[in-house]
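Enquirer: Have a look at this one.
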Amino acid sequence: PFPPLFLSPRYLYTWGVVSACPFHCVCRNLSESLSTLCADKGLLFVPPHVDRRTVELRLADNFITEVGGTDFVNMTGLVDLTLSRNTIHLIRPMAFADLESLRSLHLDGNRLTIVGPRDLAGLVNLQHLIVNNNQLVKVSVQAFDDFLLTLEDLDMSYNNLRKVPWESIQNMASLHTLNLDHNLIDHIAEGVFGELYKLARLDMTSNRLRTLPPDPLFTGAISPTPYNAVISLNFGGNPLHCNCELLWLRRLVRSDDMETCATPLHLAGRYFWSIPEEEFTCEPPLITRHTHKLWVLEGQRATLKCRAIGDPEPVVHWVSPDDRIIANSSRTSSFNNGTLDILVTVARDDGAYTCIAINAAGEATATVDLKIIPLPHRGGAGENLVGLRGVSNLDGVA
């Protein structure tokens, strides 16, 4: 007999023609469709002699390390491909380009770390994509482009994902089930589920989420019918911060409510359903320190500071003397800690600036006076310029 990894073909009679069947595999002709079963055969690579007309190809529980090249070329009728529990660490771009009829792709239990922009290209009819139990750290935003409208089930659970391509997921119009549990995700983009009208199950158990944006699909602001009257939501095992931003989740009536609070301290470890709604509170912003008045020589840098506290953490915006929100530009930079830098000041920067700290509970404001000292005219007294430089960095922080 041939050794297990020598893939010499055997032959069988199918639809009036002779078809090849890889050595040690089982090929079945069922209802005019061919199944090639090569699970648990000690394979190191995809058998080269698989009949191109096969409809089902099972390659689970082998030792395949990568897929691509000619592995699946001309398999235009393949509907179900199982590559589960191999040691696949690489999918070559366009590996599945010919699989225009594929409905189900199982890649779970492998060693994938990245899904690139063209790794899944060509799967224009894919409905079920299972890539759980890998080592994924990155999934390209373009990875799902070819099946955004057809995909029904997406499972990326038990990976190492900190971010997922929400830009793609929000366009999956047919998505029914989304499993992202047991990852390292710490953020959900606001409004990402708003148009997923067929979504029936979302599992984000055991991630690193501290807060969740209220999505209309969950809160009932829009009707989730006609496809599903109830959506199964799972957010347990996340370090949720229980304040007014999560009151919407507390108010949802669900049989599988397993969320607990991680913070604040007096609510830590308690189930959502056991906490009265009035304890999901926020604290409005309080500005604790800010620049009061600053004199700067024209052309020099001006740094305005504004520190605020609150629950949730406030976002700080700056308003110019002419009542415009200051955006980042080549000349101005606004930082998350409330600092505003004007890199090169000009005479028109003179005036009263307003620091506005905003969160879900309210807002607070403070005024900062910026005085621009104009440069002396050419030919003016040089000693005046030296004297002015002495006050250019005054920073009145209280």
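In the structure tokens, chains take letters A, B, ... by order of appearance, with residues numbered from 1 within each chain and ligands from 1 in the order shown.
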Please extract the residues of region 196-326 of chain A with a backbone DSSP assignment of strand (DSSP E or B) and present them as a PyMOL selection string.
Expert: chain A and resi 201-203+232-234+240-241+260-263+271+283-291+293-297+302-304+306-311+315-319+325
Enquirer: Could you give me, as a PyMOL selection string, the residues within 10 Å of Glu259 (chain A), counting only C-alpha atoms and dropping anything in the same chain fewer than 2 positions from it?
Expert: chain A and resi 205+234-240+249-250+256-257+261-262+269-273
Enquirer: Grab the CA of Glu167 (chain A) to CA of Gly116 (chain A) distance for me, in Å with one decimal place.
Expert: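 Straight-line distance from CA of Glu167 (chain A) to CA of Gly116 (chain A) works out to 15.3 Å.
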Enquirer: Excluding region 302-310 of chain A and its own-chain neighbours fewer than 3 positions away, which residues fall within 8 Å of it when counting only C-alpha atoms? Please give them as a PyMOL selection string.
Expert: chain A and resi 282-291+294+296+313-314+316+337-345+355+357+359+368+393+397
Enquirer: Would you save the residues from that selection as a CSV table (one decimal), in the first residue's frame, using C-alpha atoms?
Expert:
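As a result, selection.csv now contains:
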```csv
chain,number,residue,atom,x,y,z
A,282,CYS,CA,-23.7,59.7,35.7
A,283,GLU,CA,-21.9,62.8,37.1
A,284,PRO,CA,-21.8,66.0,35.0
A,285,PRO,CA,-18.5,67.5,34.1
A,286,LEU,CA,-16.5,69.7,36.5
A,287,ILE,CA,-13.6,71.8,35.3
A,288,THR,CA,-10.9,71.5,37.9
A,289,ARG,CA,-8.0,73.4,36.4
A,290,HIS,CA,-7.7,75.8,33.5
A,291,THR,CA,-5.6,78.6,32.1
A,294,LEU,CA,-2.0,84.0,28.8
A,296,VAL,CA,2.1,85.5,24.1
A,313,GLU,CA,-15.1,61.1,31.2
A,314,PRO,CA,-15.9,64.4,29.6
A,316,VAL,CA,-13.3,68.8,25.9
A,337,ASN,CA,-6.5,65.8,27.8
A,338,GLY,CA,-8.1,69.2,27.2
A,339,THR,CA,-5.0,71.1,25.9
A,340,LEU,CA,-5.2,73.4,22.9
A,341,ASP,CA,-2.0,74.3,21.1
A,342,ILE,CA,-1.8,77.2,18.7
A,343,LEU,CA,1.6,76.5,17.1
A,344,VAL,CA,2.2,79.9,15.5
A,345,THR,CA,0.1,82.8,16.8
A,355,CYS,CA,-13.4,75.5,27.0
A,357,ALA,CA,-16.4,69.9,28.8
A,359,ASN,CA,-20.6,64.1,28.8
A,368,VAL,CA,-9.4,81.7,28.8
A,393,ASN,CA,5.3,82.1,28.2
A,397,VAL,CA,-3.1,77.9,35.4
```
Enquirer: Mind giving me the straight-line distance from CA of Asp349 (chain A) to CA of His292 (chain A) in Å, one decimal?
Expert: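 About the pair CA of Asp349 (chain A) and CA of His292 (chain A): they are 15.7 Å apart.
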Enquirer: Which polymer residues have any atom within 8 Å of an atom of Asn243 (chain A), counting only C-alpha atoms, with same-chain residues fewer than 4 positions away left out, as a ChimeraX atom specification?
Expert: /A:247,279-282,311-312
Enquirer: I need the chosen residues saved as a PDB file, in the first residue's frame, with all heavy atoms.
Expert:
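The resulting file, part_20.pdb, is shown below:
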```
ATOM      1  N   LEU A 247     -27.909  52.376  30.964  1.00  0.00           N
ATOM      2  CA  LEU A 247     -29.277  52.210  31.450  1.00  0.00           C
ATOM      3  C   LEU A 247     -30.160  51.528  30.410  1.00  0.00           C
ATOM      4  O   LEU A 247     -31.057  50.747  30.754  1.00  0.00           O
ATOM      5  CB  LEU A 247     -29.849  53.580  31.826  1.00  0.00           C
ATOM      6  CG  LEU A 247     -31.199  53.596  32.535  1.00  0.00           C
ATOM      7  CD1 LEU A 247     -31.176  52.739  33.789  1.00  0.00           C
ATOM      8  CD2 LEU A 247     -31.594  55.034  32.859  1.00  0.00           C
ATOM      9  N   GLU A 279     -29.730  53.590  40.222  1.00  0.00           N
ATOM     10  CA  GLU A 279     -28.314  53.498  40.589  1.00  0.00           C
ATOM     11  C   GLU A 279     -27.393  53.557  39.377  1.00  0.00           C
ATOM     12  O   GLU A 279     -26.177  53.615  39.530  1.00  0.00           O
ATOM     13  CB  GLU A 279     -28.055  52.222  41.399  1.00  0.00           C
ATOM     14  CG  GLU A 279     -28.721  52.226  42.769  1.00  0.00           C
ATOM     15  CD  GLU A 279     -28.198  51.124  43.670  1.00  0.00           C
ATOM     16  OE1 GLU A 279     -26.964  50.927  43.708  1.00  0.00           O
ATOM     17  OE2 GLU A 279     -29.035  50.449  44.323  1.00  0.00           O
ATOM     18  N   PHE A 280     -27.960  53.534  38.174  1.00  0.00           N
ATOM     19  CA  PHE A 280     -27.159  53.722  36.952  1.00  0.00           C
ATOM     20  C   PHE A 280     -27.057  55.228  36.694  1.00  0.00           C
ATOM     21  O   PHE A 280     -27.811  55.791  35.900  1.00  0.00           O
ATOM     22  CB  PHE A 280     -27.811  53.007  35.775  1.00  0.00           C
ATOM     23  CG  PHE A 280     -27.601  51.521  35.764  1.00  0.00           C
ATOM     24  CD1 PHE A 280     -28.339  50.690  36.605  1.00  0.00           C
ATOM     25  CD2 PHE A 280     -26.666  50.932  34.929  1.00  0.00           C
ATOM     26  CE1 PHE A 280     -28.151  49.312  36.598  1.00  0.00           C
ATOM     27  CE2 PHE A 280     -26.463  49.558  34.910  1.00  0.00           C
ATOM     28  CZ  PHE A 280     -27.201  48.754  35.760  1.00  0.00           C
ATOM     29  N   THR A 281     -26.139  55.866  37.395  1.00  0.00           N
ATOM     30  CA  THR A 281     -26.065  57.319  37.365  1.00  0.00           C
ATOM     31  C   THR A 281     -24.784  57.809  36.692  1.00  0.00           C
ATOM     32  O   THR A 281     -23.794  57.089  36.596  1.00  0.00           O
ATOM     33  CB  THR A 281     -26.113  57.892  38.791  1.00  0.00           C
ATOM     34  OG1 THR A 281     -25.023  57.352  39.547  1.00  0.00           O
ATOM     35  CG2 THR A 281     -27.423  57.543  39.464  1.00  0.00           C
ATOM     36  N   CYS A 282     -24.834  59.064  36.230  1.00  0.00           N
ATOM     37  CA  CYS A 282     -23.664  59.749  35.685  1.00  0.00           C
ATOM     38  C   CYS A 282     -23.420  61.021  36.484  1.00  0.00           C
ATOM     39  O   CYS A 282     -24.328  61.533  37.149  1.00  0.00           O
ATOM     40  CB  CYS A 282     -23.882  60.099  34.209  1.00  0.00           C
ATOM     41  SG  CYS A 282     -23.841  58.678  33.091  1.00  0.00           S
ATOM     42  N   ASP A 311     -18.363  61.569  35.078  1.00  0.00           N
ATOM     43  CA  ASP A 311     -18.649  60.173  34.754  1.00  0.00           C
ATOM     44  C   ASP A 311     -19.852  60.142  33.819  1.00  0.00           C
ATOM     45  O   ASP A 311     -20.962  60.494  34.234  1.00  0.00           O
ATOM     46  CB  ASP A 311     -18.954  59.379  36.022  1.00  0.00           C
ATOM     47  CG  ASP A 311     -19.200  57.897  35.742  1.00  0.00           C
ATOM     48  OD1 ASP A 311     -18.895  57.442  34.611  1.00  0.00           O
ATOM     49  OD2 ASP A 311     -19.701  57.190  36.637  1.00  0.00           O
ATOM     50  N   PRO A 312     -19.631  59.754  32.534  1.00  0.00           N
ATOM     51  CA  PRO A 312     -18.369  59.292  31.934  1.00  0.00           C
ATOM     52  C   PRO A 312     -17.366  60.433  31.751  1.00  0.00           C
ATOM     53  O   PRO A 312     -17.720  61.600  31.911  1.00  0.00           O
ATOM     54  CB  PRO A 312     -18.814  58.726  30.586  1.00  0.00           C
ATOM     55  CG  PRO A 312     -20.055  59.501  30.267  1.00  0.00           C
ATOM     56  CD  PRO A 312     -20.751  59.740  31.580  1.00  0.00           C
TER      57      PRO A 312
END
```
Enquirer: Record the distance separating CA of Gly191 (chain A) and CA of Met172 (chain A), expressed in Å with one decimal.
Expert: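 Here the two named atoms are 13.5 Å from each other.
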Enquirer: Need to verify the contact set: Leu107 (chain A), 9 Å, only C-alpha atoms, exclusion of same-chain residues closer than 3 positions in sequence. Can you return it as a PyMOL selection string?
Expert: chain A and resi 60+81-86+88+110+112+129-134
Enquirer: DSSP on the backbone, alpha helix (DSSP H) only: what residues of region 98-259 of chain A does that give? Format it as an NGL selection string.
Expert: :A and (166-169 or 216-219 or 247-251)
Enquirer: Output C-alpha atoms for every residue in that selection, as a PDB file, in the first residue's frame.
Expert:
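The resulting result.pdb:
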```
ATOM      1  CA  TRP A 166     -17.146  47.293  11.899  1.00  0.00           C
ATOM      2  CA  GLU A 167     -17.174  49.221   8.603  1.00  0.00           C
ATOM      3  CA  SER A 168     -17.794  45.915   6.816  1.00  0.00           C
ATOM      4  CA  ILE A 169     -20.031  44.262   9.394  1.00  0.00           C
ATOM      5  CA  PRO A 216     -31.830  51.504  17.758  1.00  0.00           C
ATOM      6  CA  LEU A 217     -32.089  47.851  16.755  1.00  0.00           C
ATOM      7  CA  PHE A 218     -31.780  46.802  20.413  1.00  0.00           C
ATOM      8  CA  THR A 219     -33.629  49.577  22.185  1.00  0.00           C
ATOM      9  CA  LEU A 247     -29.277  52.210  31.450  1.00  0.00           C
ATOM     10  CA  TRP A 248     -30.678  51.145  28.063  1.00  0.00           C
ATOM     11  CA  LEU A 249     -29.192  47.660  28.520  1.00  0.00           C
ATOM     12  CA  ARG A 250     -30.531  47.431  32.079  1.00  0.00           C
ATOM     13  CA  ARG A 251     -34.017  48.196  30.744  1.00  0.00           C
TER      14      ARG A 251
END
```
Enquirer: Restricting the calculation to only C-alpha atoms, which member of A:His317, A:Arg111, A:Arg28, A:His266 is positioned closest to Phe335 (chain A)?
Expert: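 Among the listed residues, the smallest separation from Phe335 (chain A) belongs to A:His317.
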Enquirer: May I have the residues within 10 Å of Asp186 (chain A) as a list in words, using only C-alpha atoms and disregarding those fewer than 3 positions away in the same chain?
Expert: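 So, after excluding close chain neighbours, the residues are Leu161, Arg162, Lys163, Asn183, Asn207, Arg208, Leu209, Arg210, Thr211, Leu212, Asn238 and Pro239 of chain A.
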Enquirer: Residues at most 7 Å from Lys41 (chain A), counting only C-alpha atoms, excluding those fewer than 3 positions away in the same chain, as a PyMOL selection string?
Expert: chain A and resi 24+38+62
